[in-house]
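Dumped run.cif below, it's mmCIF, C-alpha atoms:
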data_input
#
loop_
_atom_site.label_atom_id
_atom_site.label_comp_id
_atom_site.auth_asym_id
_atom_site.auth_seq_id
_atom_site.Cartn_x
_atom_site.Cartn_y
_atom_site.Cartn_z
CA MET A 1 14.87 191.93 57.40
CA GLU A 2 16.02 193.71 60.56
CA ARG A 3 13.21 192.01 62.48
CA ALA A 4 14.08 188.63 61.04
CA ALA A 5 17.73 189.19 61.97
CA VAL A 6 16.84 189.62 65.66
CA GLY A 7 14.44 186.68 65.57
CA GLU A 8 11.30 188.78 65.48
CA PRO A 9 8.94 187.61 62.74
CA VAL A 10 7.55 190.00 60.17
CA ALA A 11 3.75 190.08 60.27
CA LEU A 12 1.78 189.56 57.07
CA THR A 13 -1.98 189.85 56.95
CA ALA A 14 -4.02 186.97 55.54
CA PRO A 15 -5.52 189.19 52.79
CA GLY A 16 -2.00 190.37 51.92
CA LEU A 17 -0.88 186.76 51.64
CA PHE A 18 -3.90 186.09 49.43
CA GLU A 19 -2.85 188.96 47.14
CA MET A 20 0.71 187.65 46.85
CA SER A 21 -0.45 184.09 46.25
CA TYR A 22 -2.84 185.28 43.55
CA GLY A 23 -0.20 187.38 41.83
CA LEU A 24 2.41 184.63 41.79
CA ALA A 25 -0.04 181.95 40.67
CA LYS A 26 -1.39 184.20 37.92
CA ALA A 27 2.11 185.02 36.68
CA ALA A 28 3.05 181.35 36.57
CA SER A 29 -0.16 180.53 34.75
CA ALA A 30 0.39 183.29 32.18
CA THR A 31 3.93 182.16 31.35
CA GLY A 32 3.27 178.45 31.68
CA SER A 33 6.26 178.23 34.00
CA ALA A 34 6.62 176.22 37.16
CA ASN A 35 5.17 177.86 40.22
CA VAL A 36 8.54 178.58 41.84
CA GLY A 37 7.38 181.85 43.33
CA LEU A 38 4.33 180.28 44.91
CA ALA A 39 6.44 177.46 46.37
CA TRP A 40 8.76 180.08 47.87
CA LEU A 41 5.80 181.98 49.32
CA ALA A 42 4.36 178.80 50.82
CA ARG A 43 7.69 177.96 52.45
CA LEU A 44 8.12 181.51 53.70
CA SER A 45 4.63 181.69 55.18
CA ALA A 46 5.18 178.41 57.03
CA SER A 47 8.55 179.53 58.40
CA ASP A 48 9.43 181.35 61.61
CA LEU A 49 10.45 184.42 59.60
CA VAL A 50 6.87 185.58 59.17
CA MET A 51 3.62 185.34 61.08
CA THR A 52 0.26 185.62 59.35
CA LEU A 53 -2.39 187.77 60.99
CA PRO A 54 -5.78 186.13 60.38
CA LEU A 55 -8.86 187.97 59.19
CA ASP A 56 -10.61 187.04 62.43
CA GLU A 57 -13.98 188.11 63.80
CA VAL A 58 -12.72 191.50 64.97
CA ALA A 59 -10.95 192.32 61.69
CA ALA A 60 -13.96 191.14 59.65
CA LEU A 61 -16.43 193.22 61.67
CA VAL A 62 -14.22 196.28 61.39
CA ALA A 63 -13.63 195.78 57.65
CA GLY A 64 -17.36 195.53 56.99
CA ARG A 65 -18.04 198.76 58.83
CA VAL A 66 -15.22 200.56 57.03
CA ARG A 67 -16.48 199.41 53.64
CA ALA A 68 -19.99 200.54 54.50
CA ALA A 69 -18.60 203.94 55.48
CA GLN A 70 -16.56 204.23 52.26
CA PRO A 71 -17.73 201.68 49.65
CA VAL A 72 -15.42 202.90 46.88
CA PRO A 73 -11.85 204.22 46.86
CA PRO A 74 -11.55 207.90 47.70
CA THR A 75 -11.51 210.20 44.70
CA GLY A 76 -8.72 212.64 43.94
CA ALA A 77 -5.92 210.18 43.26
CA ARG A 78 -4.89 208.90 39.83
CA ARG A 79 -5.40 205.16 39.82
CA SER A 80 -4.38 202.40 37.47
CA GLY A 81 -6.66 199.57 36.40
CA THR A 82 -10.33 199.35 35.62
CA LYS A 83 -12.99 200.46 38.07
CA PRO A 84 -13.69 196.85 39.13
CA ASP A 85 -9.94 196.38 39.70
CA GLN A 86 -9.83 199.54 41.79
CA ARG A 87 -12.86 198.38 43.76
CA THR A 88 -11.25 194.98 44.44
CA ALA A 89 -8.01 196.65 45.54
CA TRP A 90 -9.92 198.96 47.88
CA ILE A 91 -11.75 196.07 49.53
CA LEU A 92 -8.47 194.16 49.98
CA ASP A 93 -6.81 197.26 51.41
CA ILE A 94 -9.66 197.60 53.91
CA GLN A 95 -9.21 193.96 54.94
CA ILE A 96 -5.44 194.34 55.25
CA ALA A 97 -5.75 197.50 57.37
CA SER A 98 -8.45 195.95 59.56
CA CYS A 99 -6.26 192.88 60.18
CA ALA A 100 -3.28 195.03 61.17
CA TRP A 101 -5.43 197.19 63.46
CA ALA A 102 -7.20 194.25 65.11
CA HIS A 103 -3.88 192.55 65.89
CA GLY A 104 -2.22 195.73 67.20
CA HIS A 105 0.33 196.09 64.41
CA ALA A 106 1.48 199.11 62.44
CA LEU A 107 1.10 198.86 58.68
CA ALA A 108 4.07 199.37 56.35
CA THR A 109 3.00 200.32 52.83
CA ASP A 110 3.91 202.24 49.68
CA ASN A 111 0.26 203.24 49.38
CA ARG A 112 0.25 205.71 52.26
CA ARG A 113 -2.63 207.73 50.84
CA ASP A 114 -5.30 205.01 50.75
CA PHE A 115 -4.22 203.35 54.00
CA ALA A 116 -4.17 206.71 55.77
CA ALA A 117 -7.75 207.20 54.59
CA ILE A 118 -8.69 203.78 55.97
CA ALA A 119 -6.90 204.55 59.26
CA GLU A 120 -8.97 207.72 59.47
CA LEU A 121 -12.18 205.75 58.90
CA ILE A 122 -11.26 203.19 61.58
CA ALA A 123 -10.39 205.98 64.02
CA GLY A 124 -13.78 207.54 63.35
CA LEU A 125 -15.55 204.26 64.08
CA TYR A 126 -13.47 203.35 67.15
CA PRO A 127 -12.15 206.64 68.53
CA ALA A 128 -11.14 205.20 71.90
CA ALA A 129 -9.26 202.17 70.58
CA GLY A 130 -6.13 203.76 69.14
CA ARG A 131 -5.31 204.72 65.60
CA LEU A 132 -3.79 202.39 63.00
CA GLU A 133 -0.21 203.50 62.44
CA VAL A 134 0.67 203.67 58.74
CA ILE A 135 4.40 203.76 58.01
CA ASP A 136 6.75 203.62 55.03
CA PRO A 137 8.13 200.19 54.18
CA PRO A 138 11.79 199.63 55.10
CA PRO A 139 14.25 200.37 52.28
CA VAL A 140 15.03 197.35 50.11
CA MET B 1 25.45 182.19 80.52
CA GLU B 2 26.64 181.14 77.09
CA ALA B 3 24.56 183.95 75.54
CA ALA B 4 26.08 186.45 77.99
CA ARG B 5 29.61 185.25 77.24
CA ALA B 6 29.01 185.52 73.49
CA LEU B 7 27.48 188.98 73.78
CA ALA B 8 30.31 190.14 76.05
CA GLU B 9 32.76 189.06 73.40
CA ASP B 10 30.82 190.88 70.67
CA LEU B 11 30.56 194.07 72.71
CA GLY B 12 34.02 193.91 74.23
CA THR B 13 32.60 194.10 77.72
CA THR B 14 32.32 191.92 80.80
CA PRO B 15 29.86 189.03 81.08
CA ASN B 16 28.14 190.89 83.93
CA ASP B 17 27.54 193.94 81.73
CA ALA B 18 26.32 191.66 78.99
CA ILE B 19 23.83 190.04 81.39
CA VAL B 20 22.50 193.50 82.28
CA ARG B 21 22.20 194.33 78.58
CA LEU B 22 20.34 191.06 77.90
CA ALA B 23 18.00 191.71 80.82
CA GLU B 24 17.23 195.23 79.58
CA GLU B 25 16.53 193.95 76.09
CA GLY B 26 14.30 191.23 77.53
CA ILE B 27 12.35 193.74 79.61
CA ALA B 28 11.91 196.05 76.62
CA ALA B 29 10.66 193.17 74.46
CA SER B 30 8.31 192.01 77.19
CA GLU B 31 6.89 195.52 77.71
CA LYS B 32 6.38 195.91 73.98
CA ARG B 33 4.58 192.57 73.81
CA ARG B 34 2.35 193.51 76.75
CA ALA B 35 1.53 196.87 75.13
CA VAL B 36 0.46 195.14 71.92
CA GLU B 37 -1.62 192.61 73.87
CA ARG B 38 -3.35 195.44 75.74
CA LEU B 39 -4.05 197.24 72.45
CA VAL B 40 -5.50 194.07 70.92
CA ARG B 41 -7.78 193.57 73.96
CA GLU B 42 -9.01 197.18 73.78
CA ARG B 43 -9.66 196.94 70.06
CA ARG B 44 -11.41 193.60 70.39
CA GLN B 45 -13.64 195.01 73.11
CA ALA B 46 -14.40 198.12 71.03
CA ALA B 47 -15.32 196.06 67.97
CA LEU B 48 -17.40 193.43 69.77
CA ASP B 49 -19.06 195.63 72.41
CA LEU B 50 -20.66 197.69 69.72
CA ALA B 51 -22.43 194.61 68.42
CA ALA B 52 -23.92 193.87 71.84
CA ARG B 53 -24.92 197.45 72.60
CA ASP B 54 -26.66 198.11 69.28
CA ALA B 55 -28.45 194.79 68.90
CA PRO B 56 -31.68 194.83 70.92
CA SER B 57 -33.11 192.11 68.66
CA PHE B 58 -31.89 189.71 66.01
CA PRO B 59 -32.24 190.64 62.34
CA SER B 60 -34.86 188.70 60.42
CA PRO B 61 -33.79 186.02 57.91
CA GLU B 62 -34.77 188.41 55.12
CA GLU B 63 -32.62 191.18 56.60
CA MET B 64 -29.67 188.80 56.94
CA ARG B 65 -30.04 187.59 53.35
CA ALA B 66 -30.18 191.18 52.09
CA ALA B 67 -27.12 192.06 54.21
CA MET B 68 -25.11 189.12 52.85
CA LEU B 69 -25.87 190.05 49.25
CA SER B 70 -25.54 193.80 49.56
CA GLY B 71 -21.76 193.82 49.16
CA ARG B 72 -22.09 192.02 45.84
CA GLN B 73 -24.70 194.37 44.49
CA ASP B 74 -23.05 197.72 45.17
CA PRO B 75 -22.66 199.76 41.99
#

Would you give me this structure, written as structure tokens?
Amino acid sequence: MERAAVGEPVALTAPGLFEMSYGLAKAASATGSANVGLAWLARLSASDLVMTLPLDEVAALVAGRVRAAQPVPPTGARRSGTKPDQRTAWILDIQIASCAWAHGHALATDNRRDFAAIAELIAGLYPAAGRLEVIDPPPV
Amino acid sequence: MEAARALAEDLGTTPNDAIVRLAEEGIAASEKRRAVERLVRERRQAALDLAARDAPSFPSPEEMRAAMLSGRQDP
């Protein structure tokens, strides 16, 4: 919100937008309600308040290499959801991190553990190209 | 000048000081943007150069097909 206040758009990654769109559409479908949330997201994503970082050729190449290096989520953390759910989340996290890295952005997340692991993998693959910065989200 | 006058009012300072403040903020924003652009160029080069350096020949159609399906067949 601070960024928006000074006219600087908040960056969302395309895979992150996909996740939000999916979640809102699924919730509306489950309750049979109008897709108010999805309409809001569509308006927001088209506005000057946010910019969407595409999963471009660089991000896609990086994400593929990261997944090959670590096909499944790291062990050691308690995770919710089924194994396929966890696998899907891991692949999306890889895509989100790769997008942020490719476009030179830091990544704000509650899931510091997994994104730090992905940042480590990217740094191992591209040691001379700077590390993905993983930061806490701003307080709500 | 309107922006400088408005900022001077907000800060309780002179329009000249406000112009200096605006210029400093503009320089900082410009430097930040240039730093990000440089980072993006370096990362792009790192990601794409690898492909050129490690690809003495094209993969066969069979290799490409196997590569495309491999992500869907992982355990």

Leaving out Leu22 of chain B and any residue of its chain fewer than 4 positions from it, which residues lie within 8 Å of it when counting all atoms listed in the file, given as a compact mmCIF listing (two decimals) with C-alpha atoms, keeping the file's coordinate frame?
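Final output, part_7.txt:
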# COMPACT_ATOMS: atom_id res chain seq x y z
CA ALA B 4 26.08 186.45 77.99
CA ALA B 18 26.32 191.66 78.99
CA GLY B 26 14.30 191.23 77.53

Practice item. Identify which of the residues A:Ala119, A:Val50, A:Ile135, A:Ala63 lies closest to Gly71 of chain B, counting all atoms listed in the file when measuring atom-to-atom distances. Key: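 Smallest distance to Gly71 of chain B is found for A:Ala63.
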
Taking the file as shown, find all residues satisfying the PyMOL selection byres ((chain A) within 12 of (chain B)) and write them as a short mmCIF file (atom, residue, chain, number, x, y, z; two decimals) with C-alpha atoms, in the frame of the given file.
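Here's the written file selection03.cif:
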data_model
loop_
_atom_site.label_atom_id
_atom_site.label_comp_id
_atom_site.auth_asym_id
_atom_site.auth_seq_id
_atom_site.Cartn_x
_atom_site.Cartn_y
_atom_site.Cartn_z
CA VAL A 6 16.84 189.62 65.66
CA GLY A 7 14.44 186.68 65.57
CA GLU A 8 11.30 188.78 65.48
CA ASP A 56 -10.61 187.04 62.43
CA GLU A 57 -13.98 188.11 63.80
CA VAL A 58 -12.72 191.50 64.97
CA ALA A 59 -10.95 192.32 61.69
CA ALA A 60 -13.96 191.14 59.65
CA LEU A 61 -16.43 193.22 61.67
CA VAL A 62 -14.22 196.28 61.39
CA ALA A 63 -13.63 195.78 57.65
CA GLY A 64 -17.36 195.53 56.99
CA ARG A 65 -18.04 198.76 58.83
CA VAL A 66 -15.22 200.56 57.03
CA ARG A 67 -16.48 199.41 53.64
CA ALA A 68 -19.99 200.54 54.50
CA GLN A 70 -16.56 204.23 52.26
CA PRO A 71 -17.73 201.68 49.65
CA VAL A 72 -15.42 202.90 46.88
CA LYS A 83 -12.99 200.46 38.07
CA PRO A 84 -13.69 196.85 39.13
CA ARG A 87 -12.86 198.38 43.76
CA THR A 88 -11.25 194.98 44.44
CA ILE A 91 -11.75 196.07 49.53
CA SER A 98 -8.45 195.95 59.56
CA CYS A 99 -6.26 192.88 60.18
CA ALA A 100 -3.28 195.03 61.17
CA TRP A 101 -5.43 197.19 63.46
CA ALA A 102 -7.20 194.25 65.11
CA HIS A 103 -3.88 192.55 65.89
CA GLY A 104 -2.22 195.73 67.20
CA HIS A 105 0.33 196.09 64.41
CA ALA A 106 1.48 199.11 62.44
CA ILE A 122 -11.26 203.19 61.58
CA ALA A 123 -10.39 205.98 64.02
CA LEU A 125 -15.55 204.26 64.08
CA TYR A 126 -13.47 203.35 67.15
CA PRO A 127 -12.15 206.64 68.53
CA ALA A 128 -11.14 205.20 71.90
CA ALA A 129 -9.26 202.17 70.58
CA GLY A 130 -6.13 203.76 69.14
CA ARG A 131 -5.31 204.72 65.60
CA LEU A 132 -3.79 202.39 63.00
#

Review point. Which polymer residues have any atom within 8 Å of an atom of Asp17 of chain B, counting only C-alpha atoms, with same-chain residues fewer than 4 positions away left out, as JSON, numbers by chain?
Key: {"B": [8, 13, 21]}

Review point. Hey, can you check how far atom CA of Leu107 of chain A sits from atom CA of Leu41 of chain A?
Key: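 According to the coordinates, atom CA of Leu107 of chain A and atom CA of Leu41 of chain A are separated by 19.9 Å.
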
Point to revise | Coordinates-based distance that separates atom CA of Ala28 of chain A from atom CA of Thr52 of chain A (Å, one decimal) | key: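 Value for the atom CA of Thr52 of chain A-atom CA of Ala28 of chain A distance: 23.3 Å.
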
Practice item. Given the file shown, enumerate the residues that the PyMOL selection byres ((chain A and resi 16-27) around 12) captures and present them as a VMD selection string. Key: chain A and resid 11 to 15 28 to 46 50 to 55 88 to 89 91 to 100 107 to 109

Six-sided padding of 3 Å per side, axis-aligned box over segment 34-46 of chain A, centre and edges in Å, one decimal, as lines of an AutoDock Vina configuration file:
center_x = 6.5
center_y = 179.1
center_z = 47.1
size_x = 10.4
size_y = 11.8
size_z = 25.9

Practice item. To one decimal in Å, tell me the separation between atom CA of Asp114 of chain A and atom CA of Ala69 of chain A. Key: 14.2 Å

Exercise for review: Could you give me, as an NGL selection string, the residues that have an atom at most 9 Å away from the point (28.9, 187.6, 77.9) in the coordinates of the file, using only C-alpha atoms?
Suggested key: :B and (1-19)
